[in-house]
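See structure below.
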Amino acid sequence: MRILLVEDDELLGDGLTTGLTQSGYAIDWLKDGASADQALKSETFDLIVLDLGLPKLSGITVLQNLRSRGTTTPVLILTARESVEDRVKGLDNGADDYLTKPFDLDELCARLRALQRRFSSRAEPTLTHKNIILDPASHTVSLNGEMINVSRREFALLHKLLENSGRVISREHLMQTLYGWGDDVDSNALEVHIHNLRKKFGQDFIQTIRGIGYIVEPNNENTENK
Ligand code: CA
């Protein structure tokens, strides 16, 4: 999952980048509203963590511009404790949740998982695909009830594919999910991760759509329910 963090406080931004990276997210951190506005016009993120008091362009304006372009990406706003007005304004302008500073990293992560879950219309906290169960909270994956070791990137990739089962996800989108701007990336990095996931979970489980991307077929039960 790739997060855009927009925060002008160096100390907080630095702490959040470290903490969220350790929690398995790919983070892109911007420190003013104008560059966030620019980035959101061209890049795809899974979640946005947005401070409201920002230099150059306010967080509210960034949010308004984002929603006026029709982008539905979940947004969590960060506000000062005393500013009830800001929180109301943020929510009314299309934010999905908020946290008041100072906050706990664990709570932020839990809220981000909840936003992701709601955004993908999933009721259960875990993702189940046939005999695979992925738990975003504990960061674990099991196959037939047995825990399987996966790397941070493999976990993120598997999460993305299961969250979108039945849909082809483009190579570019998957790369954006896995890596932030500062990351050093090999051109065949994605193929290596896919290869590893197939080795661990079965060869047929992720299908290659040549020239486009990858797909995990939906659970049969799900298809019948729809
Ligand atoms: Ca600020």
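Scheme for the structure tokens: letters A, B, ... for chains in order shown; per-chain residue numbers from 1; ligand numbers from 1 in order shown.
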Show me which residues line ligand 1, defined as having an atom within 6 Å of a ligand atom where only C-alpha atoms and all ligand atoms count, and present them as a ChimeraX atom specification. /A:7-9,51,53-54
Residues as selected, all heavy atoms, written as a tab-separated table (two decimals), in the first residue's frame, can you do that?
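Now in result_1.tsv:
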chain	number	residue	atom	x	y	z
A	7	GLU	N	2.95	16.68	5.37
A	7	GLU	CA	3.17	17.20	6.73
A	7	GLU	C	4.39	18.12	6.71
A	7	GLU	O	5.45	17.72	6.24
A	7	GLU	CB	3.38	16.01	7.67
A	7	GLU	CG	3.82	16.36	9.08
A	7	GLU	CD	2.86	17.28	9.80
A	7	GLU	OE1	1.73	16.83	10.11
A	7	GLU	OE2	3.22	18.44	10.03
A	8	ASP	N	4.24	19.35	7.20
A	8	ASP	CA	5.38	20.29	7.16
A	8	ASP	C	6.24	20.23	8.42
A	8	ASP	O	7.33	20.77	8.44
A	8	ASP	CB	4.90	21.72	6.90
A	8	ASP	CG	3.97	22.22	8.01
A	8	ASP	OD1	3.14	21.42	8.49
A	8	ASP	OD2	4.05	23.40	8.37
A	9	ASP	N	5.76	19.57	9.46
A	9	ASP	CA	6.55	19.43	10.68
A	9	ASP	C	7.60	18.34	10.46
A	9	ASP	O	7.25	17.16	10.27
A	9	ASP	CB	5.61	19.07	11.84
A	9	ASP	CG	6.33	18.99	13.18
A	9	ASP	OD1	7.36	18.28	13.28
A	9	ASP	OD2	5.86	19.63	14.13
A	51	ASP	N	-1.96	16.82	6.62
A	51	ASP	CA	-1.98	17.87	7.64
A	51	ASP	C	-2.79	19.03	7.06
A	51	ASP	O	-2.79	19.24	5.84
A	51	ASP	CB	-0.53	18.29	7.93
A	51	ASP	CG	-0.44	19.39	8.97
A	51	ASP	OD1	-1.33	19.47	9.85
A	51	ASP	OD2	0.52	20.18	8.90
A	53	GLY	N	-2.71	22.48	8.31
A	53	GLY	CA	-1.93	23.71	8.30
A	53	GLY	C	-0.63	23.51	7.53
A	53	GLY	O	0.34	22.98	8.07
A	54	LEU	N	-0.63	23.90	6.24
A	54	LEU	CA	0.53	23.64	5.38
A	54	LEU	C	0.99	24.91	4.68
A	54	LEU	O	0.17	25.77	4.37
A	54	LEU	CB	0.16	22.62	4.29
A	54	LEU	CG	-0.10	21.17	4.69
A	54	LEU	CD1	-0.75	20.43	3.54
A	54	LEU	CD2	1.19	20.48	5.11
Find the spatial neighbours of region 129-135 of chain A, counting only C-alpha atoms, within a cut-off of 8 Å - ignore same-chain residues fewer than 2 positions away - and output them as a ChimeraX atom specification. /A:125-127,137-145,159,162,201,218-219
What does the file look like for those residues with N, CA, C and O atoms, as an mmCIF file, in the first residue's frame?
data_model
loop_
_atom_site.group_PDB
_atom_site.id
_atom_site.type_symbol
_atom_site.label_atom_id
_atom_site.label_comp_id
_atom_site.auth_asym_id
_atom_site.auth_seq_id
_atom_site.Cartn_x
_atom_site.Cartn_y
_atom_site.Cartn_z
ATOM 1 N N PRO A 125 -11.970 -8.050 8.804
ATOM 2 C CA PRO A 125 -10.633 -7.453 8.902
ATOM 3 C C PRO A 125 -9.564 -8.215 8.133
ATOM 4 O O PRO A 125 -8.537 -7.662 7.780
ATOM 5 N N THR A 126 -9.797 -9.530 7.854
ATOM 6 C CA THR A 126 -8.798 -10.296 7.100
ATOM 7 C C THR A 126 -9.252 -10.503 5.659
ATOM 8 O O THR A 126 -10.437 -10.382 5.354
ATOM 9 N N LEU A 127 -8.306 -10.810 4.780
ATOM 10 C CA LEU A 127 -8.633 -11.125 3.388
ATOM 11 C C LEU A 127 -8.442 -12.618 3.183
ATOM 12 O O LEU A 127 -7.383 -13.157 3.507
ATOM 13 N N ALA A 137 -3.633 -6.501 10.019
ATOM 14 C CA ALA A 137 -3.300 -5.981 11.343
ATOM 15 C C ALA A 137 -2.044 -6.647 11.916
ATOM 16 O O ALA A 137 -1.147 -5.982 12.421
ATOM 17 N N SER A 138 -1.981 -7.967 11.826
ATOM 18 C CA SER A 138 -0.819 -8.659 12.401
ATOM 19 C C SER A 138 0.272 -8.857 11.363
ATOM 20 O O SER A 138 1.352 -9.352 11.674
ATOM 21 N N HIS A 139 -0.016 -8.477 10.119
ATOM 22 C CA HIS A 139 0.966 -8.599 9.045
ATOM 23 C C HIS A 139 1.380 -10.035 8.809
ATOM 24 O O HIS A 139 2.568 -10.338 8.628
ATOM 25 N N THR A 140 0.398 -10.935 8.833
ATOM 26 C CA THR A 140 0.720 -12.352 8.644
ATOM 27 C C THR A 140 -0.104 -12.940 7.505
ATOM 28 O O THR A 140 -1.180 -12.441 7.183
ATOM 29 N N VAL A 141 0.435 -13.993 6.908
ATOM 30 C CA VAL A 141 -0.275 -14.719 5.864
ATOM 31 C C VAL A 141 -0.190 -16.200 6.180
ATOM 32 O O VAL A 141 0.868 -16.704 6.565
ATOM 33 N N SER A 142 -1.328 -16.883 6.044
ATOM 34 C CA SER A 142 -1.285 -18.327 6.247
ATOM 35 C C SER A 142 -1.820 -19.042 5.014
ATOM 36 O O SER A 142 -2.637 -18.494 4.261
ATOM 37 N N LEU A 143 -1.311 -20.257 4.817
ATOM 38 C CA LEU A 143 -1.765 -21.120 3.727
ATOM 39 C C LEU A 143 -2.161 -22.445 4.363
ATOM 40 O O LEU A 143 -1.322 -23.069 5.033
ATOM 41 N N ASN A 144 -3.404 -22.851 4.177
ATOM 42 C CA ASN A 144 -3.924 -24.068 4.819
ATOM 43 C C ASN A 144 -3.660 -24.063 6.324
ATOM 44 O O ASN A 144 -3.298 -25.080 6.906
ATOM 45 N N GLY A 145 -3.783 -22.893 6.946
ATOM 46 C CA GLY A 145 -3.626 -22.792 8.398
ATOM 47 C C GLY A 145 -2.188 -22.660 8.875
ATOM 48 O O GLY A 145 -1.940 -22.508 10.067
ATOM 49 N N HIS A 159 -1.333 -8.324 -0.681
ATOM 50 C CA HIS A 159 -2.455 -7.552 -0.146
ATOM 51 C C HIS A 159 -3.199 -6.847 -1.286
ATOM 52 O O HIS A 159 -4.420 -6.911 -1.413
ATOM 53 N N LEU A 162 -5.030 -9.431 -3.602
ATOM 54 C CA LEU A 162 -6.210 -10.045 -2.980
ATOM 55 C C LEU A 162 -7.329 -9.019 -2.812
ATOM 56 O O LEU A 162 -8.504 -9.330 -2.990
ATOM 57 N N PHE A 201 2.726 -19.863 -2.828
ATOM 58 C CA PHE A 201 1.267 -20.071 -2.745
ATOM 59 C C PHE A 201 0.676 -20.854 -3.913
ATOM 60 O O PHE A 201 -0.518 -21.036 -3.980
ATOM 61 N N PRO A 218 -11.154 -14.369 -8.689
ATOM 62 C CA PRO A 218 -11.937 -14.254 -7.454
ATOM 63 C C PRO A 218 -12.272 -15.627 -6.885
ATOM 64 O O PRO A 218 -12.257 -16.622 -7.603
ATOM 65 N N ASN A 219 -12.582 -15.673 -5.584
ATOM 66 C CA ASN A 219 -13.083 -16.899 -4.962
ATOM 67 C C ASN A 219 -14.367 -17.298 -5.656
ATOM 68 O O ASN A 219 -15.190 -16.441 -5.964
#
Once DSSP has gone over the backbone, tell me which residues of region 16-101 of chain A are in helix (DSSP H, G or I), as an NGL selection string. :A and (16-22 or 33-42 or 59-68 or 84-92)
Output file for the residues above (N, CA and C atoms, as a tab-separated table (two decimals), in the first residue's frame):
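Final file, out_25.tsv:
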chain	number	residue	atom	x	y	z
A	16	LEU	N	6.75	9.69	11.30
A	16	LEU	CA	5.67	8.97	10.62
A	16	LEU	C	6.22	8.15	9.46
A	17	THR	N	7.18	8.73	8.73
A	17	THR	CA	7.76	8.02	7.59
A	17	THR	C	8.43	6.74	8.07
A	18	THR	N	9.21	6.85	9.14
A	18	THR	CA	9.89	5.67	9.69
A	18	THR	C	8.87	4.65	10.19
A	19	GLY	N	7.90	5.13	10.98
A	19	GLY	CA	6.91	4.23	11.58
A	19	GLY	C	6.06	3.51	10.55
A	20	LEU	N	5.59	4.26	9.55
A	20	LEU	CA	4.71	3.67	8.55
A	20	LEU	C	5.48	2.73	7.62
A	21	THR	N	6.74	3.07	7.35
A	21	THR	CA	7.57	2.18	6.53
A	21	THR	C	7.75	0.85	7.25
A	22	GLN	N	8.01	0.93	8.56
A	22	GLN	CA	8.16	-0.31	9.34
A	22	GLN	C	6.87	-1.11	9.36
A	33	GLY	N	1.60	22.18	0.59
A	33	GLY	CA	0.35	21.89	-0.09
A	33	GLY	C	0.47	21.91	-1.61
A	34	ALA	N	1.29	22.82	-2.13
A	34	ALA	CA	1.39	22.95	-3.59
A	34	ALA	C	2.00	21.70	-4.22
A	35	SER	N	3.07	21.16	-3.62
A	35	SER	CA	3.66	19.97	-4.24
A	35	SER	C	2.76	18.75	-4.05
A	36	ALA	N	1.98	18.72	-2.96
A	36	ALA	CA	1.03	17.62	-2.78
A	36	ALA	C	-0.05	17.69	-3.86
A	37	ASP	N	-0.54	18.90	-4.11
A	37	ASP	CA	-1.57	19.11	-5.13
A	37	ASP	C	-1.06	18.61	-6.48
A	38	GLN	N	0.19	18.97	-6.78
A	38	GLN	CA	0.82	18.58	-8.04
A	38	GLN	C	0.95	17.06	-8.14
A	39	ALA	N	1.45	16.44	-7.08
A	39	ALA	CA	1.66	14.99	-7.08
A	39	ALA	C	0.35	14.24	-7.25
A	40	LEU	N	-0.70	14.76	-6.61
A	40	LEU	CA	-1.99	14.06	-6.65
A	40	LEU	C	-2.65	14.14	-8.03
A	41	LYS	N	-2.18	15.07	-8.85
A	41	LYS	CA	-2.73	15.15	-10.21
A	41	LYS	C	-2.19	14.02	-11.09
A	42	SER	N	-0.98	13.54	-10.77
A	42	SER	CA	-0.37	12.58	-11.69
A	42	SER	C	-0.13	11.20	-11.10
A	59	GLY	N	-4.21	22.50	3.51
A	59	GLY	CA	-4.66	21.13	3.36
A	59	GLY	C	-6.10	21.06	2.85
A	60	ILE	N	-6.93	21.99	3.29
A	60	ILE	CA	-8.33	22.01	2.85
A	60	ILE	C	-8.40	22.22	1.33
A	61	THR	N	-7.58	23.13	0.81
A	61	THR	CA	-7.58	23.37	-0.65
A	61	THR	C	-7.08	22.14	-1.40
A	62	VAL	N	-6.04	21.50	-0.88
A	62	VAL	CA	-5.54	20.27	-1.50
A	62	VAL	C	-6.67	19.24	-1.58
A	63	LEU	N	-7.40	19.11	-0.46
A	63	LEU	CA	-8.51	18.16	-0.37
A	63	LEU	C	-9.63	18.52	-1.35
A	64	GLN	N	-10.00	19.81	-1.38
A	64	GLN	CA	-11.06	20.25	-2.29
A	64	GLN	C	-10.68	19.98	-3.74
A	65	ASN	N	-9.44	20.29	-4.10
A	65	ASN	CA	-8.98	20.06	-5.47
A	65	ASN	C	-9.03	18.57	-5.82
A	66	LEU	N	-8.60	17.75	-4.86
A	66	LEU	CA	-8.58	16.30	-5.07
A	66	LEU	C	-9.98	15.78	-5.35
A	67	ARG	N	-10.93	16.17	-4.51
A	67	ARG	CA	-12.30	15.68	-4.66
A	67	ARG	C	-12.97	16.28	-5.91
A	68	SER	N	-12.61	17.50	-6.27
A	68	SER	CA	-13.24	18.10	-7.46
A	68	SER	C	-12.74	17.42	-8.73
A	84	VAL	N	-11.71	22.27	16.49
A	84	VAL	CA	-12.91	21.50	16.13
A	84	VAL	C	-13.40	21.94	14.75
A	85	GLU	N	-13.34	23.26	14.54
A	85	GLU	CA	-13.81	23.84	13.29
A	85	GLU	C	-13.09	23.23	12.07
A	86	ASP	N	-11.76	23.08	12.22
A	86	ASP	CA	-10.95	22.49	11.13
A	86	ASP	C	-11.37	21.06	10.83
A	87	ARG	N	-11.64	20.32	11.89
A	87	ARG	CA	-12.00	18.91	11.69
A	87	ARG	C	-13.33	18.83	10.94
A	88	VAL	N	-14.28	19.67	11.36
A	88	VAL	CA	-15.59	19.67	10.70
A	88	VAL	C	-15.44	20.07	9.24
A	89	LYS	N	-14.66	21.11	9.02
A	89	LYS	CA	-14.44	21.59	7.66
A	89	LYS	C	-13.77	20.50	6.80
A	90	GLY	N	-12.80	19.83	7.39
A	90	GLY	CA	-12.10	18.76	6.68
A	90	GLY	C	-13.04	17.64	6.28
A	91	LEU	N	-13.85	17.18	7.24
A	91	LEU	CA	-14.79	16.08	6.97
A	91	LEU	C	-15.82	16.51	5.94
A	92	ASP	N	-16.31	17.75	6.07
A	92	ASP	CA	-17.30	18.24	5.12
A	92	ASP	C	-16.73	18.43	3.72
For region 107-120 of chain A: contacts at 12 Å, only C-alpha atoms, fewer than 3 positions along chain excluded, given as an MDAnalysis selection string: chainID A and resid 1:3 16 19:25 45:49 72:78 95:104 123:127 135:139 159:160 162:165
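Nearest to Asn196 (chain A) of all the residues A:Glu10, A:Glu82, A:Glu154, A:Asp184 is A:Glu154, counting only C-alpha atoms.
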Can you tell me which residues surround region 166-179 of chain A at a distance of at most 7 Å, considering only C-alpha atoms, apart from same-chain residues fewer than 2 positions away, and format the answer as a PyMOL selection string? chain A and resi 1-2+26+153+156-157+164+181+183+190+212-218
